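The file structure.tsv contains TSV, N, CA and C atoms:
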chain	number	residue	atom	x	y	z
Z	1	MET	N	-4.77	15.67	-4.16
Z	1	MET	CA	-5.75	15.98	-5.17
Z	1	MET	C	-7.12	15.84	-4.54
Z	2	ASN	N	-7.67	16.93	-4.17
Z	2	ASN	CA	-9.00	16.88	-3.60
Z	2	ASN	C	-9.80	18.07	-4.07
Z	3	ASP	N	-11.05	18.13	-3.68
Z	3	ASP	CA	-11.95	19.17	-4.18
Z	3	ASP	C	-11.47	20.56	-3.86
Z	4	SER	N	-10.83	20.78	-2.73
Z	4	SER	CA	-10.40	22.13	-2.36
Z	4	SER	C	-9.30	22.66	-3.28
Z	5	PHE	N	-8.63	21.78	-4.01
Z	5	PHE	CA	-7.59	22.21	-4.94
Z	5	PHE	C	-8.06	22.16	-6.39
Z	6	GLY	N	-9.32	21.78	-6.64
Z	6	GLY	CA	-9.87	21.80	-7.98
Z	6	GLY	C	-9.32	20.74	-8.91
Z	7	HIS	N	-8.93	19.61	-8.40
Z	7	HIS	CA	-8.35	18.55	-9.21
Z	7	HIS	C	-9.25	17.33	-9.25
Z	8	GLU	N	-10.56	17.58	-9.34
Z	8	GLU	CA	-11.52	16.49	-9.26
Z	8	GLU	C	-11.33	15.45	-10.36
Z	9	ALA	N	-11.05	15.92	-11.59
Z	9	ALA	CA	-10.91	14.98	-12.72
Z	9	ALA	C	-9.73	14.05	-12.52
Z	10	GLY	N	-8.59	14.57	-12.12
Z	10	GLY	CA	-7.41	13.74	-11.88
Z	10	GLY	C	-7.60	12.82	-10.70
Z	11	ASP	N	-8.26	13.32	-9.68
Z	11	ASP	CA	-8.57	12.52	-8.49
Z	11	ASP	C	-9.43	11.33	-8.89
Z	12	GLU	N	-10.46	11.59	-9.68
Z	12	GLU	CA	-11.37	10.51	-10.09
Z	12	GLU	C	-10.67	9.50	-10.98
Z	13	LEU	N	-9.82	9.98	-11.88
Z	13	LEU	CA	-9.08	9.07	-12.77
Z	13	LEU	C	-8.14	8.17	-11.96
Z	14	LEU	N	-7.46	8.73	-10.98
Z	14	LEU	CA	-6.57	7.93	-10.14
Z	14	LEU	C	-7.37	6.92	-9.32
Z	15	ARG	N	-8.53	7.33	-8.82
Z	15	ARG	CA	-9.40	6.40	-8.08
Z	15	ARG	C	-9.86	5.25	-8.97
Z	16	GLU	N	-10.28	5.57	-10.19
Z	16	GLU	CA	-10.72	4.54	-11.12
Z	16	GLU	C	-9.58	3.58	-11.46
Z	17	THR	N	-8.40	4.13	-11.63
Z	17	THR	CA	-7.24	3.29	-11.94
Z	17	THR	C	-6.94	2.36	-10.77
Z	18	ALA	N	-6.95	2.89	-9.55
Z	18	ALA	CA	-6.70	2.06	-8.37
Z	18	ALA	C	-7.77	0.99	-8.22
Z	19	ALA	N	-9.00	1.30	-8.58
Z	19	ALA	CA	-10.08	0.32	-8.49
Z	19	ALA	C	-9.90	-0.82	-9.49
Z	20	ARG	N	-9.12	-0.58	-10.56
Z	20	ARG	CA	-8.89	-1.63	-11.56
Z	20	ARG	C	-7.70	-2.53	-11.20
Z	21	LEU	N	-7.10	-2.31	-10.06
Z	21	LEU	CA	-5.98	-3.18	-9.66
Z	21	LEU	C	-6.48	-4.62	-9.56
Z	22	PRO	N	-5.64	-5.58	-9.91
Z	22	PRO	CA	-6.04	-6.98	-9.81
Z	22	PRO	C	-6.45	-7.33	-8.37
Z	23	ALA	N	-7.35	-8.28	-8.23
Z	23	ALA	CA	-7.87	-8.68	-6.92
Z	23	ALA	C	-6.78	-9.22	-6.00
Z	24	ASN	N	-5.67	-9.72	-6.57
Z	24	ASN	CA	-4.61	-10.27	-5.73
Z	24	ASN	C	-3.69	-9.19	-5.16
Z	25	VAL	N	-3.99	-7.91	-5.43
Z	25	VAL	CA	-3.27	-6.79	-4.80
Z	25	VAL	C	-4.09	-6.37	-3.59
Z	26	TYR	N	-3.51	-6.56	-2.40
Z	26	TYR	CA	-4.22	-6.25	-1.17
Z	26	TYR	C	-4.04	-4.79	-0.76
Z	27	ARG	N	-2.83	-4.26	-1.00
Z	27	ARG	CA	-2.51	-2.88	-0.64
Z	27	ARG	C	-1.62	-2.29	-1.70
Z	28	CYS	N	-1.73	-1.00	-1.89
Z	28	CYS	CA	-0.85	-0.27	-2.79
Z	28	CYS	C	-0.71	1.13	-2.21
Z	29	LYS	N	0.51	1.60	-2.11
Z	29	LYS	CA	0.68	2.95	-1.60
Z	29	LYS	C	1.94	3.56	-2.17
Z	30	GLY	N	1.98	4.87	-2.15
Z	30	GLY	CA	3.16	5.55	-2.65
Z	30	GLY	C	2.89	7.00	-2.99
Z	31	VAL	N	3.86	7.57	-3.69
Z	31	VAL	CA	3.85	8.97	-4.09
Z	31	VAL	C	3.64	9.02	-5.60
Z	32	VAL	N	2.74	9.91	-6.04
Z	32	VAL	CA	2.41	10.01	-7.46
Z	32	VAL	C	2.69	11.44	-7.93
Z	33	HIS	N	3.35	11.54	-9.08
Z	33	HIS	CA	3.56	12.83	-9.75
Z	33	HIS	C	2.44	12.98	-10.77
Z	34	THR	N	1.61	14.01	-10.64
Z	34	THR	CA	0.45	14.15	-11.51
Z	34	THR	C	0.53	15.40	-12.37
Z	35	ALA	N	-0.19	15.38	-13.48
Z	35	ALA	CA	-0.27	16.54	-14.37
Z	35	ALA	C	-1.13	17.64	-13.74
Z	36	GLU	N	-2.11	17.28	-12.92
Z	36	GLU	CA	-3.00	18.26	-12.32
Z	36	GLU	C	-2.34	19.07	-11.20
Z	37	ALA	N	-1.37	18.48	-10.52
Z	37	ALA	CA	-0.68	19.16	-9.42
Z	37	ALA	C	0.81	18.84	-9.50
Z	38	PRO	N	1.47	19.26	-10.59
Z	38	PRO	CA	2.86	18.86	-10.80
Z	38	PRO	C	3.84	19.37	-9.74
Z	39	GLU	N	3.48	20.43	-9.04
Z	39	GLU	CA	4.38	20.97	-8.03
Z	39	GLU	C	4.23	20.29	-6.67
Z	40	HIS	N	3.21	19.44	-6.53
Z	40	HIS	CA	2.95	18.77	-5.25
Z	40	HIS	C	3.05	17.25	-5.37
Z	41	ARG	N	3.40	16.61	-4.27
Z	41	ARG	CA	3.35	15.16	-4.17
Z	41	ARG	C	1.90	14.76	-3.91
Z	42	VAL	N	1.45	13.70	-4.55
Z	42	VAL	CA	0.12	13.16	-4.29
Z	42	VAL	C	0.34	11.79	-3.65
Z	43	ILE	N	-0.23	11.59	-2.49
Z	43	ILE	CA	-0.08	10.34	-1.76
Z	43	ILE	C	-1.28	9.44	-2.08
Z	44	LEU	N	-0.99	8.24	-2.57
Z	44	LEU	CA	-2.01	7.25	-2.90
Z	44	LEU	C	-1.91	6.10	-1.90
Z	45	GLN	N	-3.06	5.74	-1.31
Z	45	GLN	CA	-3.12	4.59	-0.42
Z	45	GLN	C	-4.37	3.78	-0.78
Z	46	VAL	N	-4.15	2.51	-1.10
Z	46	VAL	CA	-5.23	1.61	-1.47
Z	46	VAL	C	-5.19	0.42	-0.52
Z	47	VAL	N	-6.30	0.14	0.12
Z	47	VAL	CA	-6.46	-1.04	0.97
Z	47	VAL	C	-7.74	-1.71	0.52
Z	48	GLY	N	-7.59	-2.90	-0.09
Z	48	GLY	CA	-8.76	-3.55	-0.68
Z	48	GLY	C	-9.31	-2.67	-1.78
Z	49	LYS	N	-10.55	-2.26	-1.67
Z	49	LYS	CA	-11.17	-1.36	-2.66
Z	49	LYS	C	-11.27	0.07	-2.16
Z	50	ARG	N	-10.77	0.33	-0.93
Z	50	ARG	CA	-10.78	1.70	-0.40
Z	50	ARG	C	-9.58	2.46	-0.94
Z	51	VAL	N	-9.81	3.62	-1.49
Z	51	VAL	CA	-8.76	4.43	-2.09
Z	51	VAL	C	-8.72	5.79	-1.40
Z	52	ASP	N	-7.57	6.17	-0.87
Z	52	ASP	CA	-7.37	7.49	-0.28
Z	52	ASP	C	-6.32	8.23	-1.09
Z	53	ILE	N	-6.63	9.47	-1.44
Z	53	ILE	CA	-5.72	10.31	-2.21
Z	53	ILE	C	-5.58	11.63	-1.47
Z	54	THR	N	-4.33	12.02	-1.20
Z	54	THR	CA	-4.05	13.23	-0.43
Z	54	THR	C	-3.03	14.08	-1.16
Z	55	LEU	N	-3.30	15.37	-1.29
Z	55	LEU	CA	-2.34	16.30	-1.84
Z	55	LEU	C	-1.36	16.64	-0.73
Z	56	SER	N	-0.08	16.47	-0.99
Z	56	SER	CA	0.94	16.65	0.05
Z	56	SER	C	1.83	17.84	-0.28
Z	57	HIS	N	3.00	17.85	0.34
Z	57	HIS	CA	3.95	18.94	0.22
Z	57	HIS	C	4.47	19.11	-1.21
Z	58	GLU	N	5.07	20.25	-1.46
Z	58	GLU	CA	5.74	20.47	-2.74
Z	58	GLU	C	6.97	19.57	-2.83
Z	59	TRP	N	7.40	19.32	-4.05
Z	59	TRP	CA	8.56	18.45	-4.28
Z	59	TRP	C	9.84	19.09	-3.76
Z	60	GLY	N	9.92	20.40	-3.76
Z	60	GLY	CA	11.13	21.07	-3.29
Z	60	GLY	C	12.32	20.71	-4.15
Z	61	GLU	N	13.39	20.28	-3.54
Z	61	GLU	CA	14.62	19.93	-4.24
Z	61	GLU	C	14.58	18.54	-4.87
Z	62	ARG	N	13.60	17.74	-4.50
Z	62	ARG	CA	13.49	16.37	-5.03
Z	62	ARG	C	12.97	16.37	-6.45
Z	63	GLN	N	13.47	15.46	-7.26
Z	63	GLN	CA	12.99	15.27	-8.62
Z	63	GLN	C	11.61	14.61	-8.58
Z	64	PRO	N	10.58	15.25	-9.16
Z	64	PRO	CA	9.25	14.63	-9.16
Z	64	PRO	C	9.27	13.27	-9.85
Z	65	SER	N	8.65	12.30	-9.21
Z	65	SER	CA	8.56	10.95	-9.78
Z	65	SER	C	7.43	10.20	-9.08
Z	66	THR	N	6.99	9.13	-9.71
Z	66	THR	CA	5.97	8.27	-9.12
Z	66	THR	C	6.66	7.01	-8.59
Z	67	GLN	N	6.39	6.70	-7.34
Z	67	GLN	CA	6.94	5.50	-6.72
Z	67	GLN	C	5.83	4.82	-5.94
Z	68	LEU	N	5.48	3.61	-6.35
Z	68	LEU	CA	4.40	2.86	-5.70
Z	68	LEU	C	4.90	1.51	-5.23
Z	69	ILE	N	4.33	1.06	-4.14
Z	69	ILE	CA	4.62	-0.27	-3.61
Z	69	ILE	C	3.30	-1.01	-3.53
Z	70	ALA	N	3.26	-2.21	-4.08
Z	70	ALA	CA	2.05	-3.04	-4.04
Z	70	ALA	C	2.34	-4.29	-3.22
Z	71	ILE	N	1.39	-4.64	-2.38
Z	71	ILE	CA	1.49	-5.84	-1.56
Z	71	ILE	C	0.34	-6.75	-1.94
Z	72	GLY	N	0.66	-8.01	-2.22
Z	72	GLY	CA	-0.40	-8.91	-2.65
Z	72	GLY	C	-0.06	-10.36	-2.39
Z	73	GLU	N	-0.85	-11.19	-2.98
Z	73	GLU	CA	-0.71	-12.63	-2.84
Z	73	GLU	C	0.65	-13.09	-3.34
Z	74	HIS	N	1.32	-13.90	-2.53
Z	74	HIS	CA	2.65	-14.39	-2.86
Z	74	HIS	C	2.66	-15.13	-4.20
Z	75	GLY	N	3.54	-14.70	-5.08
Z	75	GLY	CA	3.71	-15.36	-6.36
Z	75	GLY	C	2.65	-15.07	-7.41
Z	76	ALA	N	1.65	-14.26	-7.05
Z	76	ALA	CA	0.55	-14.04	-7.99
Z	76	ALA	C	0.57	-12.65	-8.62
Z	77	MET	N	1.45	-11.77	-8.14
Z	77	MET	CA	1.49	-10.42	-8.68
Z	77	MET	C	2.37	-10.36	-9.91
Z	78	ASN	N	1.96	-9.56	-10.87
Z	78	ASN	CA	2.67	-9.42	-12.12
Z	78	ASN	C	3.04	-7.95	-12.30
Z	79	ASP	N	4.34	-7.64	-12.25
Z	79	ASP	CA	4.81	-6.26	-12.37
Z	79	ASP	C	4.29	-5.59	-13.63
Z	80	GLU	N	4.29	-6.31	-14.73
Z	80	GLU	CA	3.88	-5.72	-16.01
Z	80	GLU	C	2.39	-5.37	-16.01
Z	81	VAL	N	1.56	-6.19	-15.41
Z	81	VAL	CA	0.13	-5.90	-15.32
Z	81	VAL	C	-0.09	-4.64	-14.48
Z	82	LEU	N	0.62	-4.52	-13.37
Z	82	LEU	CA	0.50	-3.32	-12.53
Z	82	LEU	C	0.95	-2.08	-13.30
Z	83	ARG	N	2.07	-2.17	-13.97
Z	83	ARG	CA	2.59	-1.05	-14.75
Z	83	ARG	C	1.60	-0.64	-15.83
Z	84	GLN	N	1.02	-1.60	-16.53
Z	84	GLN	CA	0.05	-1.31	-17.59
Z	84	GLN	C	-1.22	-0.66	-17.02
Z	85	THR	N	-1.62	-1.10	-15.84
Z	85	THR	CA	-2.81	-0.52	-15.20
Z	85	THR	C	-2.62	0.97	-14.96
Z	86	PHE	N	-1.46	1.35	-14.41
Z	86	PHE	CA	-1.21	2.76	-14.14
Z	86	PHE	C	-0.82	3.52	-15.40
Z	87	ASP	N	-0.20	2.87	-16.36
Z	87	ASP	CA	0.12	3.54	-17.63
Z	87	ASP	C	-1.16	3.94	-18.37
Z	88	ARG	N	-2.23	3.15	-18.23
Z	88	ARG	CA	-3.52	3.50	-18.83
Z	88	ARG	C	-4.04	4.83	-18.26
Z	89	CYS	N	-3.70	5.10	-17.02
Z	89	CYS	CA	-4.09	6.36	-16.39
Z	89	CYS	C	-3.43	7.52	-17.14
Z	90	LEU	N	-2.18	7.35	-17.54
Z	90	LEU	CA	-1.47	8.38	-18.31
Z	90	LEU	C	-2.11	8.57	-19.67
Z	91	VAL	N	-2.45	7.49	-20.32
Z	91	VAL	CA	-3.07	7.56	-21.64
Z	91	VAL	C	-4.42	8.26	-21.55
Z	92	ASP	N	-5.19	7.96	-20.51
Z	92	ASP	CA	-6.51	8.57	-20.35
Z	92	ASP	C	-6.44	10.08	-20.17
Z	93	LEU	N	-5.32	10.58	-19.63
Z	93	LEU	CA	-5.16	12.02	-19.43
Z	93	LEU	C	-4.92	12.76	-20.74
Z	94	GLN	N	-4.37	12.10	-21.74
Z	94	GLN	CA	-3.98	12.79	-22.97
Z	94	GLN	C	-5.14	13.03	-23.89

Would you mind writing the file's structure down as structure tokens?
Amino acid sequence: MNDSFGHEAGDELLRETAARLPANVYRCKGVVHTAEAPEHRVILQVVGKRVDITLSHEWGERQPSTQLIAIGEHGAMNDEVLRQTFDRCLVDLQ
């Protein structure tokens, strides 16, 4: 999701969502299925407050889905908080 593909709004929303990750999340990366580019994989990489978003290959035969891995402080990460953070991104799109 970048300017050359005209997905600026979705790109910005994903960046804002990644910026709201709890401070105890050091890294987050994975593949995101988006409404703006449903036929393509979107690669999300977060290190600290730096967020990189890249439009990748088409899904092809794979079922589109979002899969993220978060790395953070031992014992301090809460799966539900992370899920709610990214679920808000879905709500904001509607």

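Selection around (-5.2, 3.0, -0.6) with radius 8 Å, counting only N, CA and C atoms, yields the residues Ala18, Tyr26, Arg27, Cys28, Lys29, Gly30, Ile43, Leu44, Gln45, Val46, Val47, Gly48, Lys49, Arg50, Val51, Asp52 and Ile53 of chain Z.
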
Where does DSSP see strand (DSSP E or B) in range 1-90 of chain Z, if you list the residues as a short mmCIF file (atom, residue, chain, number, x, y, z; two decimals) with N, CA and C atoms, keeping the file's coordinate frame?
data_model
loop_
_atom_site.label_atom_id
_atom_site.label_comp_id
_atom_site.auth_asym_id
_atom_site.auth_seq_id
_atom_site.Cartn_x
_atom_site.Cartn_y
_atom_site.Cartn_z
N VAL Z 25 -3.99 -7.91 -5.43
CA VAL Z 25 -3.27 -6.79 -4.80
C VAL Z 25 -4.09 -6.37 -3.59
N TYR Z 26 -3.51 -6.56 -2.40
CA TYR Z 26 -4.22 -6.25 -1.17
C TYR Z 26 -4.04 -4.79 -0.76
N ARG Z 27 -2.83 -4.26 -1.00
CA ARG Z 27 -2.51 -2.88 -0.64
C ARG Z 27 -1.62 -2.29 -1.70
N CYS Z 28 -1.73 -1.00 -1.89
CA CYS Z 28 -0.85 -0.27 -2.79
C CYS Z 28 -0.71 1.13 -2.21
N LYS Z 29 0.51 1.60 -2.11
CA LYS Z 29 0.68 2.95 -1.60
C LYS Z 29 1.94 3.56 -2.17
N GLY Z 30 1.98 4.87 -2.15
CA GLY Z 30 3.16 5.55 -2.65
C GLY Z 30 2.89 7.00 -2.99
N VAL Z 31 3.86 7.57 -3.69
CA VAL Z 31 3.85 8.97 -4.09
C VAL Z 31 3.64 9.02 -5.60
N VAL Z 32 2.74 9.91 -6.04
CA VAL Z 32 2.41 10.01 -7.46
C VAL Z 32 2.69 11.44 -7.93
N HIS Z 40 3.21 19.44 -6.53
CA HIS Z 40 2.95 18.77 -5.25
C HIS Z 40 3.05 17.25 -5.37
N ARG Z 41 3.40 16.61 -4.27
CA ARG Z 41 3.35 15.16 -4.17
C ARG Z 41 1.90 14.76 -3.91
N VAL Z 42 1.45 13.70 -4.55
CA VAL Z 42 0.12 13.16 -4.29
C VAL Z 42 0.34 11.79 -3.65
N ILE Z 43 -0.23 11.59 -2.49
CA ILE Z 43 -0.08 10.34 -1.76
C ILE Z 43 -1.28 9.44 -2.08
N LEU Z 44 -0.99 8.24 -2.57
CA LEU Z 44 -2.01 7.25 -2.90
C LEU Z 44 -1.91 6.10 -1.90
N GLN Z 45 -3.06 5.74 -1.31
CA GLN Z 45 -3.12 4.59 -0.42
C GLN Z 45 -4.37 3.78 -0.78
N VAL Z 46 -4.15 2.51 -1.10
CA VAL Z 46 -5.23 1.61 -1.47
C VAL Z 46 -5.19 0.42 -0.52
N VAL Z 47 -6.30 0.14 0.12
CA VAL Z 47 -6.46 -1.04 0.97
C VAL Z 47 -7.74 -1.71 0.52
N ARG Z 50 -10.77 0.33 -0.93
CA ARG Z 50 -10.78 1.70 -0.40
C ARG Z 50 -9.58 2.46 -0.94
N VAL Z 51 -9.81 3.62 -1.49
CA VAL Z 51 -8.76 4.43 -2.09
C VAL Z 51 -8.72 5.79 -1.40
N ASP Z 52 -7.57 6.17 -0.87
CA ASP Z 52 -7.37 7.49 -0.28
C ASP Z 52 -6.32 8.23 -1.09
N ILE Z 53 -6.63 9.47 -1.44
CA ILE Z 53 -5.72 10.31 -2.21
C ILE Z 53 -5.58 11.63 -1.47
N THR Z 54 -4.33 12.02 -1.20
CA THR Z 54 -4.05 13.23 -0.43
C THR Z 54 -3.03 14.08 -1.16
N LEU Z 55 -3.30 15.37 -1.29
CA LEU Z 55 -2.34 16.30 -1.84
C LEU Z 55 -1.36 16.64 -0.73
N SER Z 56 -0.08 16.47 -0.99
CA SER Z 56 0.94 16.65 0.05
C SER Z 56 1.83 17.84 -0.28
N HIS Z 57 3.00 17.85 0.34
CA HIS Z 57 3.95 18.94 0.22
C HIS Z 57 4.47 19.11 -1.21
N GLU Z 58 5.07 20.25 -1.46
CA GLU Z 58 5.74 20.47 -2.74
C GLU Z 58 6.97 19.57 -2.83
N GLN Z 67 6.39 6.70 -7.34
CA GLN Z 67 6.94 5.50 -6.72
C GLN Z 67 5.83 4.82 -5.94
N LEU Z 68 5.48 3.61 -6.35
CA LEU Z 68 4.40 2.86 -5.70
C LEU Z 68 4.90 1.51 -5.23
N ILE Z 69 4.33 1.06 -4.14
CA ILE Z 69 4.62 -0.27 -3.61
C ILE Z 69 3.30 -1.01 -3.53
N ALA Z 70 3.26 -2.21 -4.08
CA ALA Z 70 2.05 -3.04 -4.04
C ALA Z 70 2.34 -4.29 -3.22
N ILE Z 71 1.39 -4.64 -2.38
CA ILE Z 71 1.49 -5.84 -1.56
C ILE Z 71 0.34 -6.75 -1.94
N GLY Z 72 0.66 -8.01 -2.22
CA GLY Z 72 -0.40 -8.91 -2.65
C GLY Z 72 -0.06 -10.36 -2.39
#

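We find atom C of Ala23 in chain Z and atom N of Asp87 in chain Z to be spaced 17.2 Å apart.
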
*Which of these residues is nearest to Arg41 in chain Z, using only N, CA and C atoms: Z:Val25, Z:Gly10, Z:Val81, Z:Pro64?*
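Nearest candidate to Arg41 in chain Z out of Z:Val25, Z:Gly10, Z:Val81, Z:Pro64: Z:Pro64.
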
_Picked from range 12-94 of chain Z by DSSP as helix (DSSP H, G or I), as a ChimeraX atom specification_ = /Z:12-19,79-93

With N, CA and C atoms retained, export the selected residues as a PDB file, in the coordinates of the input.
ATOM      1  N   GLU Z  12     -10.460  11.590  -9.680  1.00  0.00           N
ATOM      2  CA  GLU Z  12     -11.370  10.510 -10.090  1.00  0.00           C
ATOM      3  C   GLU Z  12     -10.670   9.500 -10.980  1.00  0.00           C
ATOM      4  N   LEU Z  13      -9.820   9.980 -11.880  1.00  0.00           N
ATOM      5  CA  LEU Z  13      -9.080   9.070 -12.770  1.00  0.00           C
ATOM      6  C   LEU Z  13      -8.140   8.170 -11.960  1.00  0.00           C
ATOM      7  N   LEU Z  14      -7.460   8.730 -10.980  1.00  0.00           N
ATOM      8  CA  LEU Z  14      -6.570   7.930 -10.140  1.00  0.00           C
ATOM      9  C   LEU Z  14      -7.370   6.920  -9.320  1.00  0.00           C
ATOM     10  N   ARG Z  15      -8.530   7.330  -8.820  1.00  0.00           N
ATOM     11  CA  ARG Z  15      -9.400   6.400  -8.080  1.00  0.00           C
ATOM     12  C   ARG Z  15      -9.860   5.250  -8.970  1.00  0.00           C
ATOM     13  N   GLU Z  16     -10.280   5.570 -10.190  1.00  0.00           N
ATOM     14  CA  GLU Z  16     -10.720   4.540 -11.120  1.00  0.00           C
ATOM     15  C   GLU Z  16      -9.580   3.580 -11.460  1.00  0.00           C
ATOM     16  N   THR Z  17      -8.400   4.130 -11.630  1.00  0.00           N
ATOM     17  CA  THR Z  17      -7.240   3.290 -11.940  1.00  0.00           C
ATOM     18  C   THR Z  17      -6.940   2.360 -10.770  1.00  0.00           C
ATOM     19  N   ALA Z  18      -6.950   2.890  -9.550  1.00  0.00           N
ATOM     20  CA  ALA Z  18      -6.700   2.060  -8.370  1.00  0.00           C
ATOM     21  C   ALA Z  18      -7.770   0.990  -8.220  1.00  0.00           C
ATOM     22  N   ALA Z  19      -9.000   1.300  -8.580  1.00  0.00           N
ATOM     23  CA  ALA Z  19     -10.080   0.320  -8.490  1.00  0.00           C
ATOM     24  C   ALA Z  19      -9.900  -0.820  -9.490  1.00  0.00           C
ATOM     25  N   ASP Z  79       4.340  -7.640 -12.250  1.00  0.00           N
ATOM     26  CA  ASP Z  79       4.810  -6.260 -12.370  1.00  0.00           C
ATOM     27  C   ASP Z  79       4.290  -5.590 -13.630  1.00  0.00           C
ATOM     28  N   GLU Z  80       4.290  -6.310 -14.730  1.00  0.00           N
ATOM     29  CA  GLU Z  80       3.880  -5.720 -16.010  1.00  0.00           C
ATOM     30  C   GLU Z  80       2.390  -5.370 -16.010  1.00  0.00           C
ATOM     31  N   VAL Z  81       1.560  -6.190 -15.410  1.00  0.00           N
ATOM     32  CA  VAL Z  81       0.130  -5.900 -15.320  1.00  0.00           C
ATOM     33  C   VAL Z  81      -0.090  -4.640 -14.480  1.00  0.00           C
ATOM     34  N   LEU Z  82       0.620  -4.520 -13.370  1.00  0.00           N
ATOM     35  CA  LEU Z  82       0.500  -3.320 -12.530  1.00  0.00           C
ATOM     36  C   LEU Z  82       0.950  -2.080 -13.300  1.00  0.00           C
ATOM     37  N   ARG Z  83       2.070  -2.170 -13.970  1.00  0.00           N
ATOM     38  CA  ARG Z  83       2.590  -1.050 -14.750  1.00  0.00           C
ATOM     39  C   ARG Z  83       1.600  -0.640 -15.830  1.00  0.00           C
ATOM     40  N   GLN Z  84       1.020  -1.600 -16.530  1.00  0.00           N
ATOM     41  CA  GLN Z  84       0.050  -1.310 -17.590  1.00  0.00           C
ATOM     42  C   GLN Z  84      -1.220  -0.660 -17.020  1.00  0.00           C
ATOM     43  N   THR Z  85      -1.620  -1.100 -15.840  1.00  0.00           N
ATOM     44  CA  THR Z  85      -2.810  -0.520 -15.200  1.00  0.00           C
ATOM     45  C   THR Z  85      -2.620   0.970 -14.960  1.00  0.00           C
ATOM     46  N   PHE Z  86      -1.460   1.350 -14.410  1.00  0.00           N
ATOM     47  CA  PHE Z  86      -1.210   2.760 -14.140  1.00  0.00           C
ATOM     48  C   PHE Z  86      -0.820   3.520 -15.400  1.00  0.00           C
ATOM     49  N   ASP Z  87      -0.200   2.870 -16.360  1.00  0.00           N
ATOM     50  CA  ASP Z  87       0.120   3.540 -17.630  1.00  0.00           C
ATOM     51  C   ASP Z  87      -1.160   3.940 -18.370  1.00  0.00           C
ATOM     52  N   ARG Z  88      -2.230   3.150 -18.230  1.00  0.00           N
ATOM     53  CA  ARG Z  88      -3.520   3.500 -18.830  1.00  0.00           C
ATOM     54  C   ARG Z  88      -4.040   4.830 -18.260  1.00  0.00           C
ATOM     55  N   CYS Z  89      -3.700   5.100 -17.020  1.00  0.00           N
ATOM     56  CA  CYS Z  89      -4.090   6.360 -16.390  1.00  0.00           C
ATOM     57  C   CYS Z  89      -3.430   7.520 -17.140  1.00  0.00           C
ATOM     58  N   LEU Z  90      -2.180   7.350 -17.540  1.00  0.00           N
ATOM     59  CA  LEU Z  90      -1.470   8.380 -18.310  1.00  0.00           C
ATOM     60  C   LEU Z  90      -2.110   8.570 -19.670  1.00  0.00           C
ATOM     61  N   VAL Z  91      -2.450   7.490 -20.320  1.00  0.00           N
ATOM     62  CA  VAL Z  91      -3.070   7.560 -21.640  1.00  0.00           C
ATOM     63  C   VAL Z  91      -4.420   8.260 -21.550  1.00  0.00           C
ATOM     64  N   ASP Z  92      -5.190   7.960 -20.510  1.00  0.00           N
ATOM     65  CA  ASP Z  92      -6.510   8.570 -20.350  1.00  0.00           C
ATOM     66  C   ASP Z  92      -6.440  10.080 -20.170  1.00  0.00           C
ATOM     67  N   LEU Z  93      -5.320  10.580 -19.630  1.00  0.00           N
ATOM     68  CA  LEU Z  93      -5.160  12.020 -19.430  1.00  0.00           C
ATOM     69  C   LEU Z  93      -4.920  12.760 -20.740  1.00  0.00           C
TER      70      LEU Z  93
END

*What does the distance from CA of His57 in chain Z to atom C of Ile69 in chain Z come to in Å, to one decimal?*
20.3 Å
